[in-house]
Each structure stands twice: as structure tokens, then as C-alpha cells.
Amino acid sequence: MNGWGPSTPSPRCARRGNSAALAVNDNVPMNAAILEEYGRPLVMADRPKPAPGPGEVLLRVEGCGACHSDVHVADGDWEAMKKAAKLPLVLGHEVAGVIEANNARVGVPWLGWSCGACEYCRGGRESLC
């Protein structure tokens, strides 16, 4: 899925590589898989490109995974989540893309933190930390 989304990748989690300069079209909307109703199929739709807030970066998403947690949310399996989440909801949180400001290629994994120093982190496999 191609689109845009604000994110705050941790320097410990984001893997940066070389990427060619990319043209950015500010008029291109974000394409997203949207949960409009629990237990129903997701709807693919365009959304306005968001502006990043303080401490955030804008990513051009080149790939995004939907994991089993997303399936539970979409199916409405978790009552606490249904009470806390505001529909419509954009799902997916395992992202690979490019930071708009500097064209750095990054990966934003599911985890919110890793040590950054162990064998797994140094090898680019932070999810095993």
C-alpha cells in the first residue's frame, strides 16, 4: 500500500539505508485500509496527507503489514479496544518507507522499544531483542 502517515520511529528501531532522491507530490493523498465497522471488510480509501506534529516525521509508506492484532481489532474481539478506539480507524503498524524530509529509508516495527545494543539489534532483528 502506498500512502503517507505520521510516525515517530525510534532511532534504535529504524533501520536506515541508502535511497535515491524521490520526488514528493504534496497533492497525492494517503491511501489507507480503513476499519469503518467491526466485523466487516476493510475499505480502501484516500485520506488527506497528514502534517507531522512536534517530534514526528512524515513517512511515504512503501509497505505496511497487518498483523494478527489488527485482525482482532477489525473483528471486534477486544471489548476494551472497541470502547477506546474511534471509528473509522486506519489499521497497520509494521511499516517500511521513506522519511519525506531527508529521503532516509526506514522500517518502523511493531515494537515501541529495543535495547539497540544486543546481537539481535545490531543485526537488524530488533523484534527478537
# chains A, B, ... in the order shown; residues from 1 in each chain; ligands from 1

call {"tool": "residues_around", "arguments": {"residues": "A:Asp46", "least_positions_apart": "4", "cutoff": "7 Å", "atoms": "only C-alpha atoms", "output": "MDAnalysis selection string"}}
result
chainID A and resid 29:32

call {"tool": "residues_around", "arguments": {"residues": "stretch 82-93 of chain A", "least_positions_apart": "3", "cutoff": "8 Å", "atoms": "only C-alpha atoms", "output": "ChimeraX atom specification"}}
result
/A:32-37,64-67,70,73,76,78-79,108-110

call {"tool": "atom_distance", "arguments": {"atom1": "atom CA of A:Ala45", "atom2": "atom CA of A:Asp77"}}
result
23.8 Å

call {"tool": "closest_residue", "arguments": {"among": "A:Cys121, A:Ile99, A:Val43, A:Val28", "to": "A:Glu62", "atoms": "only C-alpha atoms"}}
result
A:Ile99

call {"tool": "select_by_dssp", "arguments": {"residues": "stretch 44-121 of chain A", "states": "alpha helix (DSSP H)", "output": "PDB file with N, CA and C atoms, in the first residue's frame"}}
result
ATOM      1  N   HIS A  68      -1.753 -10.088  13.341  1.00  0.00           N
ATOM      2  CA  HIS A  68      -2.888 -10.749  13.985  1.00  0.00           C
ATOM      3  C   HIS A  68      -3.621  -9.815  14.951  1.00  0.00           C
ATOM      4  N   SER A  69      -2.897  -8.889  15.573  1.00  0.00           N
ATOM      5  CA  SER A  69      -3.552  -7.908  16.445  1.00  0.00           C
ATOM      6  C   SER A  69      -4.534  -7.058  15.656  1.00  0.00           C
ATOM      7  N   ASP A  70      -4.141  -6.671  14.439  1.00  0.00           N
ATOM      8  CA  ASP A  70      -5.041  -5.898  13.587  1.00  0.00           C
ATOM      9  C   ASP A  70      -6.306  -6.693  13.263  1.00  0.00           C
ATOM     10  N   VAL A  71      -6.143  -7.989  13.046  1.00  0.00           N
ATOM     11  CA  VAL A  71      -7.298  -8.849  12.756  1.00  0.00           C
ATOM     12  C   VAL A  71      -8.244  -8.874  13.955  1.00  0.00           C
ATOM     13  N   HIS A  72      -7.687  -8.994  15.161  1.00  0.00           N
ATOM     14  CA  HIS A  72      -8.525  -8.970  16.373  1.00  0.00           C
ATOM     15  C   HIS A  72      -9.282  -7.648  16.494  1.00  0.00           C
ATOM     16  N   VAL A  73      -8.586  -6.539  16.219  1.00  0.00           N
ATOM     17  CA  VAL A  73      -9.239  -5.234  16.287  1.00  0.00           C
ATOM     18  C   VAL A  73     -10.364  -5.169  15.255  1.00  0.00           C
ATOM     19  N   ALA A  74     -10.073  -5.550  14.009  1.00  0.00           N
ATOM     20  CA  ALA A  74     -11.066  -5.476  12.928  1.00  0.00           C
ATOM     21  C   ALA A  74     -12.273  -6.361  13.204  1.00  0.00           C
ATOM     22  N   ASP A  75     -12.037  -7.509  13.813  1.00  0.00           N
ATOM     23  CA  ASP A  75     -13.137  -8.428  14.120  1.00  0.00           C
ATOM     24  C   ASP A  75     -13.929  -7.996  15.347  1.00  0.00           C
ATOM     25  N   GLU A  79     -13.112  -6.083  23.613  1.00  0.00           N
ATOM     26  CA  GLU A  79     -14.104  -5.112  24.084  1.00  0.00           C
ATOM     27  C   GLU A  79     -13.460  -3.810  24.554  1.00  0.00           C
ATOM     28  N   ALA A  80     -12.330  -3.914  25.243  1.00  0.00           N
ATOM     29  CA  ALA A  80     -11.654  -2.709  25.728  1.00  0.00           C
ATOM     30  C   ALA A  80     -11.218  -1.828  24.560  1.00  0.00           C
ATOM     31  N   MET A  81     -10.751  -2.449  23.489  1.00  0.00           N
ATOM     32  CA  MET A  81     -10.326  -1.688  22.311  1.00  0.00           C
ATOM     33  C   MET A  81     -11.527  -1.039  21.640  1.00  0.00           C
ATOM     34  N   LYS A  82     -12.625  -1.746  21.588  1.00  0.00           N
ATOM     35  CA  LYS A  82     -13.831  -1.184  20.974  1.00  0.00           C
ATOM     36  C   LYS A  82     -14.297   0.058  21.732  1.00  0.00           C
ATOM     37  N   LYS A  83     -14.111   0.052  23.043  1.00  0.00           N
ATOM     38  CA  LYS A  83     -14.511   1.214  23.849  1.00  0.00           C
ATOM     39  C   LYS A  83     -13.540   2.376  23.650  1.00  0.00           C
ATOM     40  N   ALA A  84     -12.258   2.073  23.444  1.00  0.00           N
ATOM     41  CA  ALA A  84     -11.233   3.105  23.353  1.00  0.00           C
ATOM     42  C   ALA A  84     -11.034   3.639  21.935  1.00  0.00           C
ATOM     43  N   GLU A 119      22.959  -8.507  20.221  1.00  0.00           N
ATOM     44  CA  GLU A 119      23.259  -9.161  18.946  1.00  0.00           C
ATOM     45  C   GLU A 119      22.114  -8.992  17.946  1.00  0.00           C
ATOM     46  N   TYR A 120      20.884  -9.149  18.424  1.00  0.00           N
ATOM     47  CA  TYR A 120      19.736  -9.051  17.525  1.00  0.00           C
ATOM     48  C   TYR A 120      19.559  -7.627  17.002  1.00  0.00           C
ATOM     49  N   CYS A 121      19.647  -6.649  17.885  1.00  0.00           N
ATOM     50  CA  CYS A 121      19.509  -5.250  17.465  1.00  0.00           C
ATOM     51  C   CYS A 121      20.611  -4.860  16.485  1.00  0.00           C
TER      52      CYS A 121
END

call {"tool": "select_by_dssp", "arguments": {"residues": "stretch 46-95 of chain A", "states": "strand (DSSP E)", "output": "list in words"}}
result
Asp46, Arg47, Val57, Leu58, Leu59, Arg60, Val61, Glu62, Gly63, Cys64, Gly65, Leu89, Val90, Glu94 and Val95 of chain A

call {"tool": "decode", "arguments": {"residues": "stretch 31-123 of chain A", "atoms": "C-alpha atoms", "output": "compact mmCIF listing (two decimals), in the first residue's frame"}}
result
# COMPACT_ATOMS: atom_id res chain seq x y z
CA ASN A 31 -4.20 5.51 0.61
CA ALA A 32 -5.34 3.56 3.66
CA ALA A 33 -7.10 0.39 4.77
CA ILE A 34 -9.88 1.72 6.96
CA LEU A 35 -11.95 -0.10 9.55
CA GLU A 36 -15.38 1.52 9.36
CA GLU A 37 -17.37 -1.17 11.17
CA TYR A 38 -16.23 -4.08 13.37
CA GLY A 39 -16.61 -7.48 11.72
CA ARG A 40 -16.83 -6.02 8.19
CA PRO A 41 -14.14 -5.96 5.45
CA LEU A 42 -11.69 -3.08 5.49
CA VAL A 43 -12.34 -0.28 3.00
CA MET A 44 -9.51 1.07 0.84
CA ALA A 45 -9.84 4.84 0.56
CA ASP A 46 -7.82 8.00 0.05
CA ARG A 47 -7.27 10.26 3.03
CA PRO A 48 -5.65 13.72 3.12
CA LYS A 49 -1.89 13.63 3.66
CA PRO A 50 -1.35 14.49 7.35
CA ALA A 51 1.12 17.03 8.66
CA PRO A 52 3.58 15.74 11.25
CA GLY A 53 3.42 17.24 14.72
CA PRO A 54 6.27 18.01 17.12
CA GLY A 55 8.66 15.07 17.42
CA GLU A 56 7.13 13.29 14.41
CA VAL A 57 8.28 12.67 10.85
CA LEU A 58 6.22 12.19 7.70
CA LEU A 59 6.77 8.82 6.03
CA ARG A 60 5.92 7.86 2.49
CA VAL A 61 4.80 4.33 3.22
CA GLU A 62 6.00 1.77 0.69
CA GLY A 63 4.75 -1.27 2.55
CA CYS A 64 2.64 -1.89 5.62
CA GLY A 65 1.77 -5.14 7.35
CA ALA A 66 -1.41 -6.01 9.14
CA CYS A 67 -0.68 -8.48 11.92
CA HIS A 68 -2.89 -10.75 13.99
CA SER A 69 -3.55 -7.91 16.45
CA ASP A 70 -5.04 -5.90 13.59
CA VAL A 71 -7.30 -8.85 12.76
CA HIS A 72 -8.53 -8.97 16.37
CA VAL A 73 -9.24 -5.23 16.29
CA ALA A 74 -11.07 -5.48 12.93
CA ASP A 75 -13.14 -8.43 14.12
CA GLY A 76 -14.09 -6.56 17.30
CA ASP A 77 -12.65 -9.29 19.52
CA TRP A 78 -11.35 -6.93 22.20
CA GLU A 79 -14.10 -5.11 24.08
CA ALA A 80 -11.65 -2.71 25.73
CA MET A 81 -10.33 -1.69 22.31
CA LYS A 82 -13.83 -1.18 20.97
CA LYS A 83 -14.51 1.21 23.85
CA ALA A 84 -11.23 3.11 23.35
CA ALA A 85 -10.96 3.19 19.54
CA LYS A 86 -12.75 5.79 17.49
CA LEU A 87 -14.04 4.54 14.15
CA PRO A 88 -13.17 4.94 11.35
CA LEU A 89 -9.71 3.58 12.19
CA VAL A 90 -6.68 3.13 9.92
CA LEU A 91 -5.05 -0.24 10.65
CA GLY A 92 -1.48 -1.41 10.09
CA HIS A 93 1.61 -0.61 12.12
CA GLU A 94 4.51 -2.59 10.64
CA VAL A 95 5.81 -0.06 8.14
CA ALA A 96 8.63 0.37 5.62
CA GLY A 97 9.02 3.69 3.89
CA VAL A 98 10.96 6.87 3.29
CA ILE A 99 11.16 9.96 5.52
CA GLU A 100 9.93 12.87 3.41
CA ALA A 101 12.30 15.45 4.91
CA ASN A 102 15.54 13.65 4.04
CA ASN A 103 14.64 10.59 1.90
CA ALA A 104 16.10 8.23 4.53
CA ARG A 105 14.72 4.71 4.16
CA VAL A 106 13.32 3.39 7.46
CA GLY A 107 11.48 0.47 8.94
CA VAL A 108 9.04 1.00 11.78
CA PRO A 109 8.47 -2.33 13.55
CA TRP A 110 5.64 -3.24 15.87
CA LEU A 111 7.68 -2.81 19.00
CA GLY A 112 7.96 0.52 20.73
CA TRP A 113 11.44 -0.04 22.11
CA SER A 114 14.53 -2.23 21.81
CA CYS A 115 17.93 -2.02 23.53
CA GLY A 116 19.87 -1.17 20.36
CA ALA A 117 22.97 -2.95 21.66
CA CYS A 118 22.36 -6.71 21.71
CA GLU A 119 23.26 -9.16 18.95
CA TYR A 120 19.74 -9.05 17.53
CA CYS A 121 19.51 -5.25 17.46
CA ARG A 122 22.96 -4.90 15.91
CA GLY A 123 21.94 -7.47 13.29
